[in-house]
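J.: Before I ask anything, let me first share the structure, which is written out below as structure tokens.
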Amino acid sequence: MLKRIIFDILLLISVIICPWWFTALFLVAVLYYLKSFTEIVLFGLIMDILYGGISTNFHFGDYRFTIFFFIILITSFYIKKRLKFYSK
């Protein structure tokens with residue numbers, strides 16, 4: 001539980017300070033390290049709010065980080081099941 005809180009704080013700092021590509025790589029590393037890290041979608045939403053353009057209409061392109069991290073979250077469940085050396 002303490003690891004999750006520490007990773008959440010580090011990721012929030014990373015979203016605010018670091019460029020988007022560094023945060024995305026860090027999120028993938030944390031996703032591999034923890035068994036189920038569903039907060040990744042929340043961090044995608046925060047990144048969309050900070051880095052996305054302002055639009056009055058709903059477009060799927062406006063939420064590209066959220067959709068991208070959701071897809072990574074879903075695929076990580078399948079990849080972790082197939083890895084033999086992933087023992088968590």
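Ordering of the structure tokens sets the chain letters (A, B, ...), residue numbers begin anew at 1 in every chain, and ligands are numbered from 1 in the order given.
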Quick check for you: according to DSSP on this backbone, which residues of segment 14-88 of chain A are classed as alpha helix (DSSP H)? Reply as number ranges by chain.

T.: A: 14-17, 20-33, 40-51, 64-82

J.: Can you write just those residues out, C-alpha atoms, as a PDB file, in the first residue's frame?

T.:
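Saved as again37.pdb:
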```
ATOM      1  CA  SER A  14       6.199  13.626 -13.081  1.00  0.00           C
ATOM      2  CA  VAL A  15       2.976  14.684 -14.820  1.00  0.00           C
ATOM      3  CA  ILE A  16       3.434  18.270 -13.672  1.00  0.00           C
ATOM      4  CA  ILE A  17       7.189  18.673 -14.181  1.00  0.00           C
ATOM      5  CA  TRP A  20       4.731  13.694 -21.568  1.00  0.00           C
ATOM      6  CA  TRP A  21       6.973  10.997 -23.077  1.00  0.00           C
ATOM      7  CA  PHE A  22       8.976  10.589 -19.861  1.00  0.00           C
ATOM      8  CA  THR A  23       5.783  10.298 -17.836  1.00  0.00           C
ATOM      9  CA  ALA A  24       4.393   7.724 -20.272  1.00  0.00           C
ATOM     10  CA  LEU A  25       7.526   5.582 -19.983  1.00  0.00           C
ATOM     11  CA  PHE A  26       7.472   5.925 -16.203  1.00  0.00           C
ATOM     12  CA  LEU A  27       3.804   4.867 -16.131  1.00  0.00           C
ATOM     13  CA  VAL A  28       4.558   1.759 -18.173  1.00  0.00           C
ATOM     14  CA  ALA A  29       7.416   0.857 -15.812  1.00  0.00           C
ATOM     15  CA  VAL A  30       5.187   1.310 -12.756  1.00  0.00           C
ATOM     16  CA  LEU A  31       2.442  -0.694 -14.448  1.00  0.00           C
ATOM     17  CA  TYR A  32       4.856  -3.584 -14.865  1.00  0.00           C
ATOM     18  CA  TYR A  33       6.161  -3.299 -11.310  1.00  0.00           C
ATOM     19  CA  ILE A  40      -2.993   5.040 -14.796  1.00  0.00           C
ATOM     20  CA  VAL A  41      -6.278   6.138 -16.399  1.00  0.00           C
ATOM     21  CA  LEU A  42      -6.604   8.973 -13.873  1.00  0.00           C
ATOM     22  CA  PHE A  43      -3.102  10.167 -14.697  1.00  0.00           C
ATOM     23  CA  GLY A  44      -4.023  10.039 -18.377  1.00  0.00           C
ATOM     24  CA  LEU A  45      -6.992  12.294 -17.650  1.00  0.00           C
ATOM     25  CA  ILE A  46      -4.769  14.714 -15.727  1.00  0.00           C
ATOM     26  CA  MET A  47      -2.337  14.805 -18.648  1.00  0.00           C
ATOM     27  CA  ASP A  48      -5.206  15.499 -21.049  1.00  0.00           C
ATOM     28  CA  ILE A  49      -6.366  18.383 -18.892  1.00  0.00           C
ATOM     29  CA  LEU A  50      -2.873  19.864 -18.634  1.00  0.00           C
ATOM     30  CA  TYR A  51      -1.553  19.263 -22.163  1.00  0.00           C
ATOM     31  CA  ARG A  64      -5.724  10.770 -26.352  1.00  0.00           C
ATOM     32  CA  PHE A  65      -3.646  10.157 -23.191  1.00  0.00           C
ATOM     33  CA  THR A  66      -6.618   8.682 -21.348  1.00  0.00           C
ATOM     34  CA  ILE A  67      -7.464   6.348 -24.224  1.00  0.00           C
ATOM     35  CA  PHE A  68      -3.797   5.445 -24.720  1.00  0.00           C
ATOM     36  CA  PHE A  69      -3.256   4.593 -21.047  1.00  0.00           C
ATOM     37  CA  PHE A  70      -6.520   2.658 -20.901  1.00  0.00           C
ATOM     38  CA  ILE A  71      -5.376   0.529 -23.830  1.00  0.00           C
ATOM     39  CA  ILE A  72      -1.997   0.000 -22.154  1.00  0.00           C
ATOM     40  CA  LEU A  73      -3.759  -1.041 -18.929  1.00  0.00           C
ATOM     41  CA  ILE A  74      -5.930  -3.606 -20.706  1.00  0.00           C
ATOM     42  CA  THR A  75      -3.055  -5.045 -22.724  1.00  0.00           C
ATOM     43  CA  SER A  76      -0.837  -5.266 -19.648  1.00  0.00           C
ATOM     44  CA  PHE A  77      -3.239  -7.754 -18.064  1.00  0.00           C
ATOM     45  CA  TYR A  78      -2.862 -10.061 -21.080  1.00  0.00           C
ATOM     46  CA  ILE A  79       0.893  -9.595 -21.348  1.00  0.00           C
ATOM     47  CA  LYS A  80       1.473 -10.301 -17.650  1.00  0.00           C
ATOM     48  CA  LYS A  81      -0.421 -13.588 -17.927  1.00  0.00           C
ATOM     49  CA  ARG A  82       1.795 -14.731 -20.797  1.00  0.00           C
TER      50      ARG A  82
END
```

J.: What is the atom CA of Ser36 of chain A-atom CA of Arg4 of chain A distance in Å, reported with one decimal?

T.: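 Atom CA of Arg4 of chain A lies 10.0 Å from atom CA of Ser36 of chain A.
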
J.: Expressed in Å to a single decimal, how great is the separation between atom CA of Lys35 of chain A and atom CA of Ile6 of chain A?

T.: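 Separation between atom CA of Lys35 of chain A and atom CA of Ile6 of chain A: 15.1 Å.
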
J.: Just the number, please: distance in Å from atom CA of Asp62 of chain A to atom CA of Asp8 of chain A, one decimal.

T.: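 So the answer is 23.7 Å.
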